[in-house]
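Structure file query-v5.cif (mmCIF, N, CA and C atoms and all ligand atoms) is printed below.
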data_data
#
loop_
_atom_site.group_PDB
_atom_site.id
_atom_site.type_symbol
_atom_site.label_atom_id
_atom_site.label_comp_id
_atom_site.auth_asym_id
_atom_site.auth_seq_id
_atom_site.Cartn_x
_atom_site.Cartn_y
_atom_site.Cartn_z
ATOM 1 N N MET A 839 -278.694 183.417 -70.727
ATOM 2 C CA MET A 839 -279.998 183.435 -70.069
ATOM 3 C C MET A 839 -280.383 184.857 -69.683
ATOM 4 N N PHE A 840 -279.404 185.569 -69.063
ATOM 5 C CA PHE A 840 -279.669 186.940 -68.620
ATOM 6 C C PHE A 840 -280.045 187.820 -69.813
ATOM 7 N N LEU A 841 -279.279 187.708 -70.899
ATOM 8 C CA LEU A 841 -279.571 188.516 -72.094
ATOM 9 C C LEU A 841 -280.927 188.158 -72.669
ATOM 10 N N PHE A 842 -281.282 186.879 -72.592
ATOM 11 C CA PHE A 842 -282.582 186.434 -73.089
ATOM 12 C C PHE A 842 -283.714 187.111 -72.308
ATOM 13 N N ILE A 843 -283.567 187.159 -70.992
ATOM 14 C CA ILE A 843 -284.595 187.785 -70.142
ATOM 15 C C ILE A 843 -284.662 189.282 -70.406
ATOM 16 N N ILE A 844 -283.497 189.914 -70.579
ATOM 17 C CA ILE A 844 -283.474 191.346 -70.898
ATOM 18 C C ILE A 844 -284.208 191.587 -72.218
ATOM 19 N N ALA A 845 -283.983 190.698 -73.175
ATOM 20 C CA ALA A 845 -284.650 190.830 -74.471
ATOM 21 C C ALA A 845 -286.165 190.718 -74.308
ATOM 22 N N ILE A 846 -286.618 189.769 -73.489
ATOM 23 C CA ILE A 846 -288.058 189.599 -73.261
ATOM 24 C C ILE A 846 -288.629 190.829 -72.565
ATOM 25 N N LEU A 847 -287.914 191.338 -71.555
ATOM 26 C CA LEU A 847 -288.384 192.535 -70.847
ATOM 27 C C LEU A 847 -288.453 193.732 -71.790
ATOM 28 N N SER A 848 -287.441 193.888 -72.629
ATOM 29 C CA SER A 848 -287.432 195.006 -73.579
ATOM 30 C C SER A 848 -288.630 194.923 -74.511
ATOM 31 N N GLN A 849 -288.896 193.701 -74.995
ATOM 32 C CA GLN A 849 -290.049 193.474 -75.870
ATOM 33 C C GLN A 849 -291.336 193.833 -75.136
ATOM 34 N N TYR A 850 -291.421 193.400 -73.877
ATOM 35 C CA TYR A 850 -292.617 193.656 -73.074
ATOM 36 C C TYR A 850 -292.805 195.154 -72.894
ATOM 37 N N PHE A 851 -291.730 195.865 -72.551
ATOM 38 C CA PHE A 851 -291.833 197.303 -72.328
ATOM 39 C C PHE A 851 -292.188 198.020 -73.624
ATOM 40 N N ALA A 852 -291.685 197.529 -74.738
ATOM 41 C CA ALA A 852 -291.994 198.155 -76.024
ATOM 42 C C ALA A 852 -293.485 198.005 -76.333
ATOM 43 N N VAL A 853 -294.035 196.821 -76.048
ATOM 44 C CA VAL A 853 -295.449 196.557 -76.346
ATOM 45 C C VAL A 853 -296.359 197.351 -75.416
ATOM 46 N N THR A 854 -296.018 197.381 -74.119
ATOM 47 C CA THR A 854 -296.894 198.034 -73.148
ATOM 48 C C THR A 854 -296.643 199.535 -73.025
ATOM 49 N N GLY A 855 -295.540 200.017 -73.605
ATOM 50 C CA GLY A 855 -295.244 201.434 -73.531
ATOM 51 C C GLY A 855 -294.580 201.838 -72.222
ATOM 52 N N SER A 856 -294.285 200.858 -71.353
ATOM 53 C CA SER A 856 -293.629 201.167 -70.086
ATOM 54 C C SER A 856 -292.165 201.504 -70.337
ATOM 55 N N ILE A 857 -291.592 202.272 -69.461
ATOM 56 C CA ILE A 857 -290.179 202.608 -69.603
ATOM 57 C C ILE A 857 -289.440 202.138 -68.363
ATOM 58 N N CYS A 858 -288.885 200.945 -68.426
ATOM 59 C CA CYS A 858 -288.030 200.400 -67.369
ATOM 60 C C CYS A 858 -288.636 200.488 -65.978
ATOM 61 N N ARG A 859 -289.899 200.245 -65.854
ATOM 62 C CA ARG A 859 -290.476 200.191 -64.521
ATOM 63 C C ARG A 859 -291.750 199.359 -64.576
ATOM 64 N N CYS A 860 -292.095 198.803 -63.430
ATOM 65 C CA CYS A 860 -293.312 198.022 -63.311
ATOM 66 C C CYS A 860 -294.296 198.814 -62.457
ATOM 67 N N LEU A 861 -295.492 199.043 -62.971
ATOM 68 C CA LEU A 861 -296.519 199.682 -62.158
ATOM 69 C C LEU A 861 -297.113 198.641 -61.209
ATOM 70 N N SER A 862 -297.652 199.089 -60.110
ATOM 71 C CA SER A 862 -298.134 198.170 -59.077
ATOM 72 C C SER A 862 -299.250 197.258 -59.584
ATOM 73 N N ASN A 863 -299.991 197.697 -60.575
ATOM 74 C CA ASN A 863 -301.122 196.888 -61.055
ATOM 75 C C ASN A 863 -300.746 195.950 -62.204
ATOM 76 N N ASP A 864 -299.468 195.866 -62.535
ATOM 77 C CA ASP A 864 -299.061 195.084 -63.693
ATOM 78 C C ASP A 864 -298.317 193.811 -63.251
ATOM 79 N N SER A 865 -299.067 192.779 -62.922
ATOM 80 C CA SER A 865 -298.468 191.553 -62.380
ATOM 81 C C SER A 865 -297.552 190.855 -63.380
ATOM 82 N N THR A 866 -297.833 190.966 -64.681
ATOM 83 C CA THR A 866 -296.983 190.336 -65.687
ATOM 84 C C THR A 866 -295.576 190.939 -65.647
ATOM 85 N N CYS A 867 -295.509 192.244 -65.538
ATOM 86 C CA CYS A 867 -294.220 192.937 -65.469
ATOM 87 C C CYS A 867 -293.441 192.485 -64.236
ATOM 88 N N TRP A 868 -294.129 192.395 -63.081
ATOM 89 C CA TRP A 868 -293.447 191.973 -61.847
ATOM 90 C C TRP A 868 -292.966 190.533 -61.961
ATOM 91 N N GLN A 869 -293.775 189.704 -62.620
ATOM 92 C CA GLN A 869 -293.383 188.302 -62.786
ATOM 93 C C GLN A 869 -292.130 188.201 -63.650
ATOM 94 N N LEU A 870 -292.092 188.967 -64.735
ATOM 95 C CA LEU A 870 -290.910 188.969 -65.610
ATOM 96 C C LEU A 870 -289.680 189.475 -64.860
ATOM 97 N N PHE A 871 -289.888 190.543 -64.075
ATOM 98 C CA PHE A 871 -288.776 191.090 -63.294
ATOM 99 C C PHE A 871 -288.287 190.055 -62.279
ATOM 100 N N ASN A 872 -289.232 189.409 -61.606
ATOM 101 C CA ASN A 872 -288.891 188.376 -60.628
ATOM 102 C C ASN A 872 -288.092 187.257 -61.315
ATOM 103 N N ASP A 873 -288.561 186.824 -62.470
ATOM 104 C CA ASP A 873 -287.854 185.767 -63.210
ATOM 105 C C ASP A 873 -286.432 186.203 -63.565
ATOM 106 N N SER A 874 -286.270 187.502 -63.879
ATOM 107 C CA SER A 874 -284.961 187.988 -64.322
ATOM 108 C C SER A 874 -283.943 188.042 -63.187
ATOM 109 N N ILE A 875 -284.393 187.977 -61.947
ATOM 110 C CA ILE A 875 -283.464 188.005 -60.810
ATOM 111 C C ILE A 875 -283.575 186.708 -60.005
ATOM 112 N N ASN A 876 -283.733 185.610 -60.738
ATOM 113 C CA ASN A 876 -283.768 184.261 -60.146
ATOM 114 C C ASN A 876 -284.843 184.101 -59.070
ATOM 115 N N GLU A 877 -285.977 184.745 -59.274
ATOM 116 C CA GLU A 877 -287.137 184.632 -58.374
ATOM 117 C C GLU A 877 -286.811 185.044 -56.945
ATOM 118 N N CYS A 878 -285.955 186.055 -56.833
ATOM 119 C CA CYS A 878 -285.558 186.548 -55.504
ATOM 120 C C CYS A 878 -286.335 187.787 -55.073
ATOM 121 N N LEU A 879 -287.302 188.210 -55.863
ATOM 122 C CA LEU A 879 -288.068 189.406 -55.522
ATOM 123 C C LEU A 879 -288.977 189.116 -54.339
ATOM 124 N N VAL A 880 -288.931 189.957 -53.335
ATOM 125 C CA VAL A 880 -289.786 189.775 -52.164
ATOM 126 C C VAL A 880 -290.738 190.960 -52.045
ATOM 127 N N LEU A 881 -291.872 190.702 -51.450
ATOM 128 C CA LEU A 881 -292.895 191.730 -51.293
ATOM 129 C C LEU A 881 -292.949 192.151 -49.825
ATOM 130 N N PRO A 882 -292.382 193.310 -49.507
ATOM 131 C CA PRO A 882 -292.397 193.741 -48.111
ATOM 132 C C PRO A 882 -293.803 194.122 -47.657
ATOM 133 N N ARG A 883 -294.118 193.779 -46.440
ATOM 134 C CA ARG A 883 -295.427 194.102 -45.856
ATOM 135 C C ARG A 883 -295.196 194.779 -44.514
ATOM 136 N N PRO A 884 -296.088 195.685 -44.109
ATOM 137 C CA PRO A 884 -295.957 196.263 -42.769
ATOM 138 C C PRO A 884 -295.950 195.153 -41.717
ATOM 139 N N SER A 885 -295.260 195.375 -40.614
ATOM 140 C CA SER A 885 -295.063 194.307 -39.637
ATOM 141 C C SER A 885 -296.350 193.835 -38.963
ATOM 142 N N ALA A 886 -297.395 194.630 -38.997
ATOM 143 C CA ALA A 886 -298.655 194.217 -38.364
ATOM 144 C C ALA A 886 -299.700 193.794 -39.395
ATOM 145 N N THR A 887 -299.255 193.422 -40.584
ATOM 146 C CA THR A 887 -300.196 192.988 -41.626
ATOM 147 C C THR A 887 -301.055 191.819 -41.143
ATOM 148 N N SER A 888 -300.454 190.936 -40.341
ATOM 149 C CA SER A 888 -301.199 189.770 -39.859
ATOM 150 C C SER A 888 -302.308 190.152 -38.886
ATOM 151 N N CYS A 889 -302.361 191.421 -38.494
ATOM 152 C CA CYS A 889 -303.414 191.878 -37.574
ATOM 153 C C CYS A 889 -304.538 192.607 -38.311
ATOM 154 N N THR A 890 -304.432 192.697 -39.625
ATOM 155 C CA THR A 890 -305.484 193.396 -40.367
ATOM 156 C C THR A 890 -306.649 192.445 -40.631
ATOM 157 N N ARG A 891 -307.812 193.006 -40.830
ATOM 158 C CA ARG A 891 -309.029 192.198 -40.989
ATOM 159 C C ARG A 891 -308.912 191.166 -42.110
ATOM 160 N N ASP A 892 -308.391 191.579 -43.255
ATOM 161 C CA ASP A 892 -308.367 190.663 -44.404
ATOM 162 C C ASP A 892 -307.219 189.656 -44.374
ATOM 163 N N GLN A 893 -306.230 189.854 -43.490
ATOM 164 C CA GLN A 893 -305.121 188.896 -43.422
ATOM 165 C C GLN A 893 -304.867 188.450 -41.995
ATOM 166 N N LEU A 894 -305.923 188.380 -41.218
ATOM 167 C CA LEU A 894 -305.779 188.078 -39.793
ATOM 168 C C LEU A 894 -305.184 186.695 -39.549
ATOM 169 N N ASN A 895 -304.112 186.681 -38.761
ATOM 170 C CA ASN A 895 -303.452 185.441 -38.324
ATOM 171 C C ASN A 895 -303.099 185.691 -36.861
ATOM 172 N N MET A 896 -303.875 185.107 -35.960
ATOM 173 C CA MET A 896 -303.749 185.447 -34.541
ATOM 174 C C MET A 896 -302.363 185.145 -33.969
ATOM 175 N N GLU A 897 -301.761 184.036 -34.399
ATOM 176 C CA GLU A 897 -300.441 183.692 -33.878
ATOM 177 C C GLU A 897 -299.400 184.748 -34.292
ATOM 178 N N ALA A 898 -299.378 185.072 -35.594
ATOM 179 C CA ALA A 898 -298.426 186.072 -36.092
ATOM 180 C C ALA A 898 -298.754 187.451 -35.529
ATOM 181 N N CYS A 899 -300.035 187.730 -35.369
ATOM 182 C CA CYS A 899 -300.464 189.025 -34.822
ATOM 183 C C CYS A 899 -300.013 189.171 -33.368
ATOM 184 N N THR A 900 -300.134 188.102 -32.605
ATOM 185 C CA THR A 900 -299.707 188.135 -31.197
ATOM 186 C C THR A 900 -298.200 188.391 -31.109
ATOM 187 N N ILE A 901 -297.443 187.760 -32.003
ATOM 188 C CA ILE A 901 -295.986 187.975 -32.040
ATOM 189 C C ILE A 901 -295.679 189.437 -32.382
ATOM 190 N N ALA A 902 -296.393 189.982 -33.371
ATOM 191 C CA ALA A 902 -296.182 191.383 -33.755
ATOM 192 C C ALA A 902 -296.548 192.313 -32.610
ATOM 193 N N TYR A 903 -297.663 192.018 -31.960
ATOM 194 C CA TYR A 903 -298.128 192.855 -30.844
ATOM 195 C C TYR A 903 -297.119 192.829 -29.696
ATOM 196 N N THR A 904 -296.630 191.635 -29.377
ATOM 197 C CA THR A 904 -295.683 191.460 -28.274
ATOM 198 C C THR A 904 -294.362 192.169 -28.554
ATOM 199 N N ASN A 905 -293.964 192.179 -29.829
ATOM 200 C CA ASN A 905 -292.658 192.733 -30.209
ATOM 201 C C ASN A 905 -292.734 194.120 -30.827
ATOM 202 N N TRP A 906 -293.883 194.743 -30.727
ATOM 203 C CA TRP A 906 -294.134 196.002 -31.437
ATOM 204 C C TRP A 906 -293.025 197.030 -31.239
ATOM 205 N N MET A 907 -292.492 197.135 -30.019
ATOM 206 C CA MET A 907 -291.458 198.133 -29.730
ATOM 207 C C MET A 907 -290.058 197.516 -29.624
ATOM 208 N N ASN A 908 -289.922 196.284 -30.082
ATOM 209 C CA ASN A 908 -288.631 195.582 -30.023
ATOM 210 C C ASN A 908 -287.859 195.843 -31.316
ATOM 211 N N SER A 909 -286.818 196.661 -31.222
ATOM 212 C CA SER A 909 -286.097 197.055 -32.434
ATOM 213 C C SER A 909 -285.365 195.877 -33.085
ATOM 214 N N LYS A 910 -284.909 194.913 -32.262
ATOM 215 C CA LYS A 910 -284.240 193.744 -32.844
ATOM 216 C C LYS A 910 -285.241 192.945 -33.683
ATOM 217 N N TRP A 911 -286.415 192.705 -33.137
ATOM 218 C CA TRP A 911 -287.453 191.989 -33.888
ATOM 219 C C TRP A 911 -287.814 192.769 -35.158
ATOM 220 N N ARG A 912 -287.957 194.086 -35.006
ATOM 221 C CA ARG A 912 -288.312 194.933 -36.156
ATOM 222 C C ARG A 912 -287.273 194.815 -37.277
ATOM 223 N N SER A 913 -286.004 194.789 -36.892
ATOM 224 C CA SER A 913 -284.953 194.740 -37.908
ATOM 225 C C SER A 913 -284.978 193.415 -38.675
ATOM 226 N N GLU A 914 -285.630 192.414 -38.114
ATOM 227 C CA GLU A 914 -285.692 191.104 -38.770
ATOM 228 C C GLU A 914 -286.956 190.922 -39.600
ATOM 229 N N GLN A 915 -287.873 191.913 -39.568
ATOM 230 C CA GLN A 915 -289.128 191.797 -40.306
ATOM 231 C C GLN A 915 -289.024 192.510 -41.650
ATOM 232 N N LEU A 916 -289.221 191.764 -42.713
ATOM 233 C CA LEU A 916 -289.185 192.361 -44.040
ATOM 234 C C LEU A 916 -290.337 193.355 -44.180
ATOM 235 N N GLY A 917 -290.016 194.601 -44.416
ATOM 236 C CA GLY A 917 -291.047 195.611 -44.614
ATOM 237 C C GLY A 917 -291.362 196.418 -43.371
ATOM 238 N N ALA A 918 -290.809 196.035 -42.224
ATOM 239 C CA ALA A 918 -291.076 196.787 -40.999
ATOM 240 C C ALA A 918 -290.231 198.055 -40.961
ATOM 241 N N MET A 919 -290.808 199.113 -40.425
ATOM 242 C CA MET A 919 -290.036 200.322 -40.179
ATOM 243 C C MET A 919 -289.247 200.122 -38.886
ATOM 244 N N GLN A 920 -288.075 200.723 -38.805
ATOM 245 C CA GLN A 920 -287.284 200.547 -37.590
ATOM 246 C C GLN A 920 -287.961 201.212 -36.394
ATOM 247 N N TYR A 921 -288.627 202.324 -36.632
ATOM 248 C CA TYR A 921 -289.332 203.017 -35.551
ATOM 249 C C TYR A 921 -290.823 202.773 -35.718
ATOM 250 N N TYR A 922 -291.429 202.195 -34.693
ATOM 251 C CA TYR A 922 -292.826 201.775 -34.808
ATOM 252 C C TYR A 922 -293.782 202.924 -35.071
ATOM 253 N N ASN A 923 -293.394 204.150 -34.695
ATOM 254 C CA ASN A 923 -294.309 205.264 -34.927
ATOM 255 C C ASN A 923 -294.497 205.564 -36.413
ATOM 256 N N TRP A 924 -293.625 204.978 -37.279
ATOM 257 C CA TRP A 924 -293.789 205.166 -38.719
ATOM 258 C C TRP A 924 -294.751 204.149 -39.313
ATOM 259 N N GLU A 925 -295.167 203.187 -38.497
ATOM 260 C CA GLU A 925 -296.172 202.244 -38.968
ATOM 261 C C GLU A 925 -297.517 202.659 -38.395
ATOM 262 N N MET A 926 -298.564 201.958 -38.777
ATOM 263 C CA MET A 926 -299.905 202.371 -38.372
ATOM 264 C C MET A 926 -300.368 201.532 -37.182
ATOM 265 N N PRO A 927 -300.170 202.029 -35.962
ATOM 266 C CA PRO A 927 -300.551 201.236 -34.797
ATOM 267 C C PRO A 927 -302.052 200.992 -34.713
ATOM 268 N N ASN A 928 -302.845 201.770 -35.442
ATOM 269 C CA ASN A 928 -304.290 201.576 -35.349
ATOM 270 C C ASN A 928 -304.778 200.319 -36.061
ATOM 271 N N VAL A 929 -303.871 199.615 -36.781
ATOM 272 C CA VAL A 929 -304.294 198.356 -37.396
ATOM 273 C C VAL A 929 -304.222 197.215 -36.384
ATOM 274 N N LEU A 930 -303.555 197.445 -35.244
ATOM 275 C CA LEU A 930 -303.469 196.395 -34.220
ATOM 276 C C LEU A 930 -304.808 196.275 -33.497
ATOM 277 N N TYR A 931 -305.275 195.063 -33.389
ATOM 278 C CA TYR A 931 -306.469 194.828 -32.590
ATOM 279 C C TYR A 931 -306.050 194.761 -31.130
ATOM 280 N N THR A 932 -306.946 195.013 -30.240
ATOM 281 C CA THR A 932 -306.664 194.824 -28.818
ATOM 282 C C THR A 932 -306.677 193.321 -28.539
ATOM 283 N N ILE A 933 -305.590 192.836 -27.983
ATOM 284 C CA ILE A 933 -305.498 191.382 -27.709
ATOM 285 C C ILE A 933 -305.756 191.140 -26.232
HETATM 286 C C1 LIG A 1001 -302.271 200.276 -64.460
HETATM 287 O O1 LIG A 1001 -302.644 201.582 -64.087
HETATM 288 C C2 LIG A 1001 -302.257 202.567 -65.040
HETATM 289 C C3 LIG A 1001 -302.532 203.924 -64.435
HETATM 290 O O2 LIG A 1001 -303.715 203.939 -63.715
HETATM 291 C C4 LIG A 1001 -303.000 202.306 -66.353
HETATM 292 O O3 LIG A 1001 -302.640 203.267 -67.309
HETATM 293 C C5 LIG A 1001 -302.591 200.922 -66.858
HETATM 294 O O4 LIG A 1001 -303.332 200.589 -68.013
HETATM 295 C C6 LIG A 1001 -302.854 199.873 -65.792
HETATM 296 N N1 LIG A 1001 -302.254 198.614 -66.244
HETATM 297 C C7 LIG A 1001 -302.861 197.441 -66.109
HETATM 298 C C8 LIG A 1001 -302.105 196.245 -66.586
HETATM 299 O O5 LIG A 1001 -303.989 197.324 -65.638
HETATM 300 C C1 LIG A 1002 -290.905 185.581 -56.926
HETATM 301 O O1 LIG A 1002 -290.873 184.247 -57.301
HETATM 302 C C2 LIG A 1002 -290.804 183.364 -56.196
HETATM 303 C C3 LIG A 1002 -290.694 181.923 -56.749
HETATM 304 O O2 LIG A 1002 -291.754 181.663 -57.593
HETATM 305 C C4 LIG A 1002 -292.038 183.544 -55.329
HETATM 306 O O3 LIG A 1002 -291.956 182.692 -54.203
HETATM 307 C C5 LIG A 1002 -292.102 184.995 -54.864
HETATM 308 O O4 LIG A 1002 -293.284 185.207 -54.107
HETATM 309 C C6 LIG A 1002 -292.100 185.900 -56.070
HETATM 310 N N1 LIG A 1002 -292.037 187.288 -55.615
HETATM 311 C C7 LIG A 1002 -293.071 188.119 -55.768
HETATM 312 C C8 LIG A 1002 -292.893 189.495 -55.200
HETATM 313 O O5 LIG A 1002 -294.115 187.805 -56.321
#

Show the structure stored in the file as structure tokens.
Ligand SMILES: *[C@@H]1O[C@H](CO)[C@@H](O)[C@H](O)[C@H]1NC(C)=O
Ligand SMILES: *[C@@H]1O[C@H](CO)[C@@H](O)[C@H](O)[C@H]1NC(C)=O
Amino acid sequence: MFLFIIAILSQYFAVTGSICRCLSNDSTCWQLFNDSINECLVLPRPSATSCTRDQLNMEACTIAYTNWMNSKWRSEQLGAMQYYNWEMPNVLYTI
């Protein structure tokens, strides 16, 4: 199975001219890569993504706001920086 997926990826890269990498705008490549690792690929997001206008989720945003400086909470968030100053605090709405 693994060799089969490698063969498909190689074929894909040969056709598209890519060299062992997926560009951010190439969803087919990411899908093939995801399939090749048993669909374990995750998409990290900044910890306050739920507070942005286009992905607003008040419950998740309130949790992010409440835990903004909590390093334990941060370490459990996929895509969060350990130090909050490396994220963009200006995306947080005033709650
Ligand atoms: C993705 O972007 C690159 C560089 O801008 C471009 O060359 C390529 O054709 C794009 N691929 C897709 C699938 O849109
Ligand atoms: C990878 O595949 C799984 C199962 O289909 C899906 O839940 C997950 O969102 C995919 N990962 C990405 C980054 O698209």

Please, which residues have at least one atom within 6 Å of an atom of ligand LIG 1001 (chain A), using all atoms listed in the file, listed as a PyMOL selection string?
chain A and resi 863-865

Now that the selection is made, can you save its residues with N, CA and C atoms as a PDB file, in the frame of the given file?
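out_22.pdb written:
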ATOM      1  N   ASN A 863    -299.991 197.697 -60.575  1.00  0.00           N
ATOM      2  CA  ASN A 863    -301.122 196.888 -61.055  1.00  0.00           C
ATOM      3  C   ASN A 863    -300.746 195.950 -62.204  1.00  0.00           C
ATOM      4  N   ASP A 864    -299.468 195.866 -62.535  1.00  0.00           N
ATOM      5  CA  ASP A 864    -299.061 195.084 -63.693  1.00  0.00           C
ATOM      6  C   ASP A 864    -298.317 193.811 -63.251  1.00  0.00           C
ATOM      7  N   SER A 865    -299.067 192.779 -62.922  1.00  0.00           N
ATOM      8  CA  SER A 865    -298.468 191.553 -62.380  1.00  0.00           C
ATOM      9  C   SER A 865    -297.552 190.855 -63.380  1.00  0.00           C
TER      10      SER A 865
END

Mind running chain A against ligand LIG 1002 (chain A) at 5 Å and telling me each contacting residue's nearest atom pair with the distance in Å (one decimal), counting only N, CA and C atoms and all ligand atoms, chain and number ascending, as a tab-separated table?
residue	atom	partner	partner_atom	distance
A:Glu877	CA	A:LIG1002	O1	3.9
A:Cys878	N	A:LIG1002	C1	5.0
A:Leu879	C	A:LIG1002	N1	3.8
A:Val880	C	A:LIG1002	C8	4.1
A:Leu881	N	A:LIG1002	C8	4.1

Give me, please, the distance in Å between atom N of Met919 of chain A and atom N of Ser885 of chain A, quoted to one decimal.
5.8 Å

What do you get, as a PyMOL selection string, if you spell out every residue that the PyMOL selection byres (((chain A and resi 917 and name CA) around 7) and not hetatm and name CA) selects here?
chain A and resi 882-885+915-916+918-919

The selected residues should be written to file as a tab-separated table (two decimals), in the coordinates of the input (atoms: N, CA and C atoms).
chain	number	residue	atom	x	y	z
A	882	PRO	N	-292.38	193.31	-49.51
A	882	PRO	CA	-292.40	193.74	-48.11
A	882	PRO	C	-293.80	194.12	-47.66
A	883	ARG	N	-294.12	193.78	-46.44
A	883	ARG	CA	-295.43	194.10	-45.86
A	883	ARG	C	-295.20	194.78	-44.51
A	884	PRO	N	-296.09	195.68	-44.11
A	884	PRO	CA	-295.96	196.26	-42.77
A	884	PRO	C	-295.95	195.15	-41.72
A	885	SER	N	-295.26	195.38	-40.61
A	885	SER	CA	-295.06	194.31	-39.64
A	885	SER	C	-296.35	193.84	-38.96
A	915	GLN	N	-287.87	191.91	-39.57
A	915	GLN	CA	-289.13	191.80	-40.31
A	915	GLN	C	-289.02	192.51	-41.65
A	916	LEU	N	-289.22	191.76	-42.71
A	916	LEU	CA	-289.18	192.36	-44.04
A	916	LEU	C	-290.34	193.36	-44.18
A	918	ALA	N	-290.81	196.04	-42.22
A	918	ALA	CA	-291.08	196.79	-41.00
A	918	ALA	C	-290.23	198.06	-40.96
A	919	MET	N	-290.81	199.11	-40.42
A	919	MET	CA	-290.04	200.32	-40.18
A	919	MET	C	-289.25	200.12	-38.89

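Of note, atom N of Arg859 of chain A and atom N of Asn872 of chain A are spaced 11.7 Å apart.
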
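Of note, atom CA of Ser874 of chain A and atom CA of Cys860 of chain A are spaced 13.1 Å apart.
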